[in-house]
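> Here you go, entry.cif (mmCIF, C-alpha atoms and all ligand atoms):
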```cif
data_target
loop_
_atom_site.label_atom_id
_atom_site.label_comp_id
_atom_site.auth_asym_id
_atom_site.auth_seq_id
_atom_site.Cartn_x
_atom_site.Cartn_y
_atom_site.Cartn_z
CA MET A 1 9.67 -16.62 -46.01
CA ASN A 2 11.88 -13.83 -44.70
CA THR A 3 11.84 -12.32 -41.23
CA GLN A 4 10.40 -9.02 -42.55
CA THR A 5 7.37 -10.67 -44.15
CA ASN A 6 4.11 -9.03 -43.12
CA ILE A 7 1.80 -11.06 -40.91
CA TYR A 8 -1.96 -10.75 -41.41
CA LEU A 9 -4.74 -12.12 -39.24
CA VAL A 10 -8.12 -13.05 -40.72
CA GLY A 11 -11.22 -14.63 -39.17
CA LEU A 12 -14.69 -13.84 -37.93
CA MET A 13 -15.70 -11.13 -35.46
CA GLY A 14 -14.47 -12.09 -32.00
CA ALA A 15 -11.83 -14.54 -33.25
CA GLY A 16 -9.15 -12.47 -31.53
CA LYS A 17 -7.47 -10.81 -34.54
CA THR A 18 -7.06 -7.46 -32.83
CA THR A 19 -6.05 -8.87 -29.43
CA ILE A 20 -3.63 -11.45 -30.77
CA GLY A 21 -2.25 -9.21 -33.52
CA ARG A 22 -1.32 -6.54 -31.00
CA GLN A 23 0.39 -9.03 -28.69
CA LEU A 24 2.19 -10.73 -31.57
CA ALA A 25 3.51 -7.40 -32.87
CA LYS A 26 4.83 -6.56 -29.42
CA ARG A 27 6.65 -9.88 -29.12
CA LEU A 28 8.17 -9.45 -32.61
CA GLU A 29 8.95 -5.75 -31.97
CA ARG A 30 6.94 -4.77 -35.05
CA ASN A 31 4.41 -2.06 -35.74
CA PHE A 32 0.82 -3.17 -35.34
CA TYR A 33 -2.04 -2.02 -37.56
CA ASP A 34 -5.72 -2.84 -37.43
CA SER A 35 -7.57 -2.01 -40.63
CA ASP A 36 -10.70 -1.09 -38.63
CA HIS A 37 -8.79 1.28 -36.34
CA GLU A 38 -7.18 2.87 -39.37
CA ILE A 39 -10.58 3.45 -41.01
CA VAL A 40 -11.91 4.99 -37.78
CA ALA A 41 -8.85 7.24 -37.49
CA ARG A 42 -9.19 8.40 -41.10
CA THR A 43 -12.93 9.07 -41.04
CA GLY A 44 -13.08 10.35 -37.47
CA VAL A 45 -16.23 8.33 -36.74
CA PRO A 46 -16.89 4.88 -35.29
CA ILE A 47 -17.63 1.90 -37.55
CA PRO A 48 -21.39 1.77 -36.80
CA THR A 49 -21.66 5.39 -38.02
CA ILE A 50 -19.92 4.50 -41.30
CA PHE A 51 -22.39 1.64 -41.78
CA GLU A 52 -25.32 3.98 -41.00
CA ILE A 53 -24.23 6.69 -43.41
CA GLU A 54 -22.55 4.79 -46.25
CA GLY A 55 -23.93 1.29 -45.78
CA GLU A 56 -21.84 -1.87 -45.77
CA ASP A 57 -20.75 -1.16 -49.37
CA GLY A 58 -19.26 2.17 -48.36
CA PHE A 59 -17.40 0.54 -45.49
CA ARG A 60 -16.05 -2.21 -47.79
CA LYS A 61 -14.64 0.40 -50.20
CA ARG A 62 -12.81 2.10 -47.36
CA GLU A 63 -11.61 -1.26 -46.08
CA GLN A 64 -10.19 -2.24 -49.47
CA GLN A 65 -8.39 1.08 -49.85
CA THR A 66 -6.94 0.81 -46.33
CA ILE A 67 -5.75 -2.77 -46.75
CA ALA A 68 -4.16 -1.94 -50.11
CA GLU A 69 -2.23 0.92 -48.51
CA LEU A 70 -1.16 -0.85 -45.32
CA SER A 71 0.00 -3.91 -47.24
CA THR A 72 2.63 -1.87 -49.07
CA MET A 73 4.60 -1.60 -45.83
CA SER A 74 6.91 -4.34 -44.66
CA ASN A 75 7.60 -5.93 -41.30
CA ILE A 76 4.15 -5.18 -39.92
CA VAL A 77 1.47 -7.20 -38.18
CA MET A 78 -2.05 -6.33 -39.35
CA ALA A 79 -5.40 -7.42 -37.95
CA THR A 80 -8.05 -7.21 -40.66
CA GLY A 81 -11.80 -6.80 -40.17
CA GLY A 82 -13.79 -10.03 -40.32
CA GLY A 83 -15.26 -9.23 -43.74
CA ALA A 84 -12.00 -8.32 -45.47
CA VAL A 85 -11.89 -11.64 -47.32
CA LEU A 86 -15.20 -10.94 -49.08
CA SER A 87 -13.25 -8.94 -51.64
CA ALA A 88 -11.25 -10.97 -54.18
CA GLU A 89 -8.88 -8.01 -54.43
CA ASN A 90 -8.22 -8.11 -50.67
CA ARG A 91 -7.70 -11.86 -50.73
CA ARG A 92 -5.13 -11.51 -53.51
CA CYS A 93 -3.42 -8.56 -51.87
CA LEU A 94 -3.10 -10.29 -48.49
CA ARG A 95 -1.89 -13.57 -49.96
CA GLU A 96 0.69 -11.91 -52.17
CA SER A 97 2.16 -9.53 -49.60
CA GLY A 98 2.39 -11.56 -46.42
CA TRP A 99 1.81 -14.58 -44.27
CA VAL A 100 -1.92 -14.95 -43.62
CA VAL A 101 -3.22 -16.69 -40.51
CA TYR A 102 -6.87 -17.72 -40.13
CA LEU A 103 -8.06 -17.81 -36.53
CA ASN A 104 -10.92 -20.28 -36.64
CA VAL A 105 -13.18 -20.14 -33.59
CA PRO A 106 -16.60 -21.83 -33.24
CA PRO A 107 -19.60 -19.49 -33.65
CA LEU A 108 -20.89 -20.15 -30.12
CA MET A 109 -17.63 -18.92 -28.64
CA LEU A 110 -17.62 -15.91 -30.97
CA TYR A 111 -21.10 -15.12 -29.75
CA GLN A 112 -20.02 -15.32 -26.11
CA ARG A 113 -17.09 -13.02 -26.76
CA THR A 114 -19.05 -10.39 -28.71
CA ARG A 115 -22.52 -10.43 -27.15
CA ASN A 116 -22.06 -7.26 -25.06
CA ASP A 117 -20.26 -5.27 -27.74
CA ARG A 118 -22.32 -2.70 -29.65
CA ASN A 119 -19.53 -1.78 -32.03
CA ARG A 120 -20.14 -4.53 -34.61
CA PRO A 121 -23.11 -3.48 -36.75
CA LEU A 122 -23.53 -6.92 -38.37
CA LEU A 123 -24.25 -8.44 -34.96
CA GLN A 124 -26.90 -5.92 -33.90
CA VAL A 125 -29.69 -8.31 -34.93
CA GLU A 126 -32.29 -10.30 -33.05
CA ASP A 127 -30.30 -13.54 -33.21
CA PRO A 128 -26.56 -12.77 -33.34
CA LEU A 129 -25.61 -16.43 -32.88
CA ALA A 130 -27.56 -17.41 -36.01
CA ARG A 131 -25.86 -14.53 -37.85
CA LEU A 132 -22.42 -15.74 -36.74
CA GLU A 133 -23.26 -19.29 -37.84
CA ALA A 134 -24.34 -18.02 -41.26
CA LEU A 135 -21.25 -15.84 -41.61
CA HIS A 136 -19.04 -18.77 -40.62
CA ALA A 137 -20.62 -20.97 -43.30
CA GLU A 138 -20.25 -18.24 -45.92
CA ARG A 139 -16.74 -17.07 -45.07
CA ASP A 140 -14.88 -20.14 -43.81
CA PRO A 141 -13.95 -21.21 -47.38
CA LEU A 142 -12.72 -17.69 -48.16
CA TYR A 143 -10.56 -17.54 -45.02
CA ARG A 144 -9.10 -20.95 -45.88
CA GLU A 145 -8.45 -19.90 -49.48
CA THR A 146 -6.55 -16.84 -48.27
CA ALA A 147 -4.59 -18.25 -45.33
CA SER A 148 -1.35 -20.20 -45.20
CA LEU A 149 -2.02 -21.31 -41.64
CA VAL A 150 -5.28 -22.17 -39.88
CA VAL A 151 -5.24 -21.97 -36.08
CA GLU A 152 -8.04 -23.58 -34.14
CA GLY A 153 -8.22 -20.66 -31.74
CA GLY A 154 -11.20 -21.71 -29.65
CA GLN A 155 -9.38 -23.69 -26.98
CA LEU A 156 -6.43 -21.40 -26.35
CA VAL A 157 -6.12 -18.16 -24.41
CA ALA A 158 -4.78 -15.29 -26.52
CA ALA A 159 -1.24 -15.68 -25.15
CA GLY A 160 -1.33 -19.36 -26.15
CA VAL A 161 -2.23 -18.49 -29.73
CA VAL A 162 0.58 -15.91 -29.79
CA GLN A 163 3.09 -18.54 -28.60
CA HIS A 164 1.91 -20.93 -31.30
CA LEU A 165 2.22 -18.26 -34.01
CA LEU A 166 5.70 -17.26 -32.85
CA ARG A 167 6.83 -20.87 -33.13
CA GLU A 168 5.25 -21.38 -36.57
CA PHE A 169 6.64 -18.12 -37.92
CA GLY A 170 10.11 -18.86 -36.56
CA ARG A 171 10.01 -22.29 -38.17
CA LEU A 172 9.02 -20.85 -41.57
CA CYS A 173 11.70 -18.16 -41.45
CA SER A 174 14.45 -20.62 -40.57
CA LYS A 175 13.52 -22.84 -43.54
CA THR A 176 14.45 -20.31 -46.21
N1 LIG B 1 -7.98 -16.49 -27.43
C1 LIG B 1 -8.89 -15.82 -26.74
N2 LIG B 1 -9.45 -16.36 -25.66
C2 LIG B 1 -10.40 -15.69 -24.98
N3 LIG B 1 -10.87 -14.46 -25.30
C3 LIG B 1 -10.34 -13.86 -26.36
C4 LIG B 1 -9.34 -14.51 -27.13
N4 LIG B 1 -9.01 -13.67 -28.14
C5 LIG B 1 -9.79 -12.56 -27.99
N5 LIG B 1 -10.57 -12.68 -26.91
C6 LIG B 1 -11.58 -11.71 -26.45
O1 LIG B 1 -12.63 -11.69 -27.42
C7 LIG B 1 -13.07 -10.36 -27.65
C8 LIG B 1 -12.93 -10.04 -29.13
O2 LIG B 1 -11.56 -10.02 -29.48
P1 LIG B 1 -10.99 -9.15 -30.68
O3 LIG B 1 -9.51 -9.22 -30.58
O4 LIG B 1 -11.62 -7.80 -30.68
O5 LIG B 1 -11.51 -9.98 -31.93
P2 LIG B 1 -11.56 -9.60 -33.47
O6 LIG B 1 -10.61 -8.47 -33.71
O7 LIG B 1 -11.16 -10.85 -34.17
O8 LIG B 1 -12.99 -9.24 -33.73
C9 LIG B 1 -12.23 -9.46 -26.75
O9 LIG B 1 -12.99 -9.22 -25.57
C10 LIG B 1 -11.01 -10.29 -26.43
O10 LIG B 1 -10.48 -9.99 -25.16
O1 LIG B 2 -17.10 -9.31 -40.07
C1 LIG B 2 -17.32 -8.15 -40.54
O2 LIG B 2 -17.90 -7.99 -41.64
C2 LIG B 2 -16.88 -6.97 -39.76
C3 LIG B 2 -15.96 -7.15 -38.75
C4 LIG B 2 -15.49 -6.06 -37.89
O3 LIG B 2 -14.14 -6.29 -37.47
P1 LIG B 2 -13.75 -7.43 -36.37
O4 LIG B 2 -13.68 -8.74 -37.12
O5 LIG B 2 -12.43 -7.02 -35.84
O6 LIG B 2 -14.82 -7.44 -35.34
C5 LIG B 2 -15.57 -4.72 -38.65
O7 LIG B 2 -14.65 -4.71 -39.71
C6 LIG B 2 -16.96 -4.50 -39.19
O8 LIG B 2 -17.85 -4.40 -38.10
C7 LIG B 2 -17.41 -5.62 -40.14
MG MG B 3 -10.82 -6.55 -34.59
#
```
Produce C-alpha cells that represent the structure in this file.
Ligand SMILES: Nc1ncnc2c1ncn2[C@@H]1O[C@H](COP(=O)(O)OP(=O)(O)O)[C@@H](O)[C@H]1O
Ligand SMILES: O=C(O)C1=C[C@@H](OP(=O)(O)O)[C@@H](O)[C@H](O)C1
Ligand SMILES: [Mg+2]


Amino acid sequence: MNTQTNIYLVGLMGAGKTTIGRQLAKRLERNFYDSDHEIVARTGVPIPTIFEIEGEDGFRKREQQTIAELSTMSNIVMATGGGAVLSAENRRCLRESGWVVYLNVPPLMLYQRTRNDRNRPLLQVEDPLARLEALHAERDPLYRETASLVVEGGQLVAAGVVQHLLREFGRLCSKT
C-alpha cells in the first residue's frame, strides 16, 4: 500500500460515508469526491429527480460512469453512494484501484440518521426501517466482498471513525 493509494468508503445510506470521507480527506490533505455530488453536479438536478426521470437503472448507469472516471485519479478520498456495490464492475474497479473501507452500521441507527432526509429516494417508502433492514441483508455480503477493512461504525462519532481510519491507513502504508 503506498501513501497515494485512493481511499474509498462504502456502506448503506446514513453510514457516514460522505461525512467521514470529507473529514478524512481534510486530515490527509487530499481532494475529496462524493460520487453522488459529482452526478448531481454533472446533471444539474438532485438525485430524486434523476430517479423520477430515468429510474434507478438510469441512476446506476451514471453512477458507474462516474466511479470509473473518478477512480482513475490518485491520492483521493471518495465516498460512494450506498448502492455502488450492486455493480460487479464497480466492485472490481474499487477493489483494484484503492483501499476500500466498509462502514457497517446497524439498520436502526441508519434509520434514525436518515428519517428526516427526503433526498434518498429508496427510503421514501411507508416503512423505511424495513427497507434498510432488507438492503442490509442484500448488500452486506457485497460490501464485505469489496472492502479490505470493515469498521463497525455504529458506536463511534464521525471523528472517532476518522481517527481509527487514519491509524489503520498509516499502519498499512508503513508496512510496504
Ligand atoms: N459516526 C456518526 N455518528 C453519528 N452521526 C453520524 C455519523 N456519521 C454520519 N452521521 C450523520 O448521519 C447522517 C448521514 O450521514 P452521511 O455522511 O450523509 O451518510 P452516507 O453518505 O453514508 O449516506 C448525517 O446527518 C451525518 O451527520
Ligand atoms: O443506497 C443507495 O442505493 C443510494 C444511496 C445514496 O447515497 P448515500 O449512501 O450517500 O445516501 C444515493 O446514491 C442514492 O440515493 C441511492
Ligand atoms: Mg453520501

> Rank A:Glu54, A:Glu29, A:Glu96, A:Glu63 by their smallest atom-to-atom distance to Ala147 in chain A, using all atoms listed in the file, and report the top residue only.

A:Glu96

> Calculate how many Å separate atom P2 of ligand LIG 1 (chain B) from CA of Val162 in chain A, rounding to one decimal.

14.2 Å

> Enumerate as a PyMOL selection string the residues within 7 Å of ligand LIG 2 (chain B), counting only C-alpha atoms and all ligand atoms.

chain A and resi 11-14+17-18+36+47+80-83+119-122

> Give as an MDAnalysis selection string the residues surrounding ligand LIG 1 (chain B) up to a distance of 10 Å, considering all atoms listed in the file.

chainID A and resid 9:22 34:36 79:82 103:105 109:117 120 152:162

> So what do you get for CA of Ser71 in chain A versus CA of Ser97 in chain A, distance-wise?

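Atom-to-atom, CA of Ser71 in chain A to CA of Ser97 in chain A, that is 6.5 Å.
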
> Counting only C-alpha atoms, what is within 9 Å of Leu166 in chain A, bar same-chain residues fewer than 3 positions away, as a PDB file with C-alpha atoms, keeping the file's coordinate frame?


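Final output, saved to part-v3.pdb:
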```
ATOM      1  CA  LEU A  24       2.190 -10.730 -31.570  1.00  0.00           C
ATOM      2  CA  ARG A  27       6.650  -9.880 -29.120  1.00  0.00           C
ATOM      3  CA  LEU A  28       8.170  -9.450 -32.610  1.00  0.00           C
ATOM      4  CA  VAL A 161      -2.230 -18.490 -29.730  1.00  0.00           C
ATOM      5  CA  VAL A 162       0.580 -15.910 -29.790  1.00  0.00           C
ATOM      6  CA  GLN A 163       3.090 -18.540 -28.600  1.00  0.00           C
ATOM      7  CA  PHE A 169       6.640 -18.120 -37.920  1.00  0.00           C
ATOM      8  CA  GLY A 170      10.110 -18.860 -36.560  1.00  0.00           C
ATOM      9  CA  ARG A 171      10.010 -22.290 -38.170  1.00  0.00           C
TER      10      ARG A 171
END
```

> Identify, on the basis of all atoms listed in the file, every residue whose closest approach to Asp57 in chain A does not exceed 12 Å; exclude the query and any residue fewer than 6 positions from it along the same chain; express the result as an MDAnalysis selection string.

chainID A and resid 50:51 63:64 83:84 86:87

> For Leu108 in chain A, which residue among A:Tyr143, A:Arg131, A:Ile7, A:Glu168 is the nearest when counting only C-alpha atoms?

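Closest to Leu108 in chain A of all the choices is A:Arg131.
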
> A:Asn6, A:Gln23, A:Glu126, A:Leu172: which is nearest Met73 in chain A, counting only C-alpha atoms?

A:Asn6

> Could you tell me how far CA of His164 in chain A sits from CA of Ala134 in chain A, in Å to one decimal place?

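Atom-to-atom, CA of Ala134 in chain A to CA of His164 in chain A, that is 28.2 Å.
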
> Taking into account only C-alpha atoms and all ligand atoms, which residue in the set A:Gly98, A:Gly58, A:His37, A:Arg139 is nearest to ligand MG 3 (chain B)?

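Smallest separation from ligand MG 3 (chain B) among the options: A:His37.
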
> Which residues are near Leu149 in chain A? Cut-off 8 Å, all atoms listed in the file, ignore same chain within fewer than 2 positions. Put them as JSON, numbers by chain.

{"A": [100, 101, 102, 147, 151]}

> Which one is closest to ligand MG 3 (chain B): A:Met78, A:Pro106, A:Arg42, A:Pro141? Count only C-alpha atoms and all ligand atoms.

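With only C-alpha atoms and all ligand atoms as the atom set, the closest residue is A:Met78.
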
> Give the answer as one residue: which of A:Lys61, A:Ser74, A:Lys26, A:Glu38 has the shortest atom-to-atom distance to ligand MG 3 (chain B), using all atoms listed in the file?

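Ranking A:Lys61, A:Ser74, A:Lys26, A:Glu38 by distance to ligand MG 3 (chain B), first place goes to A:Glu38.
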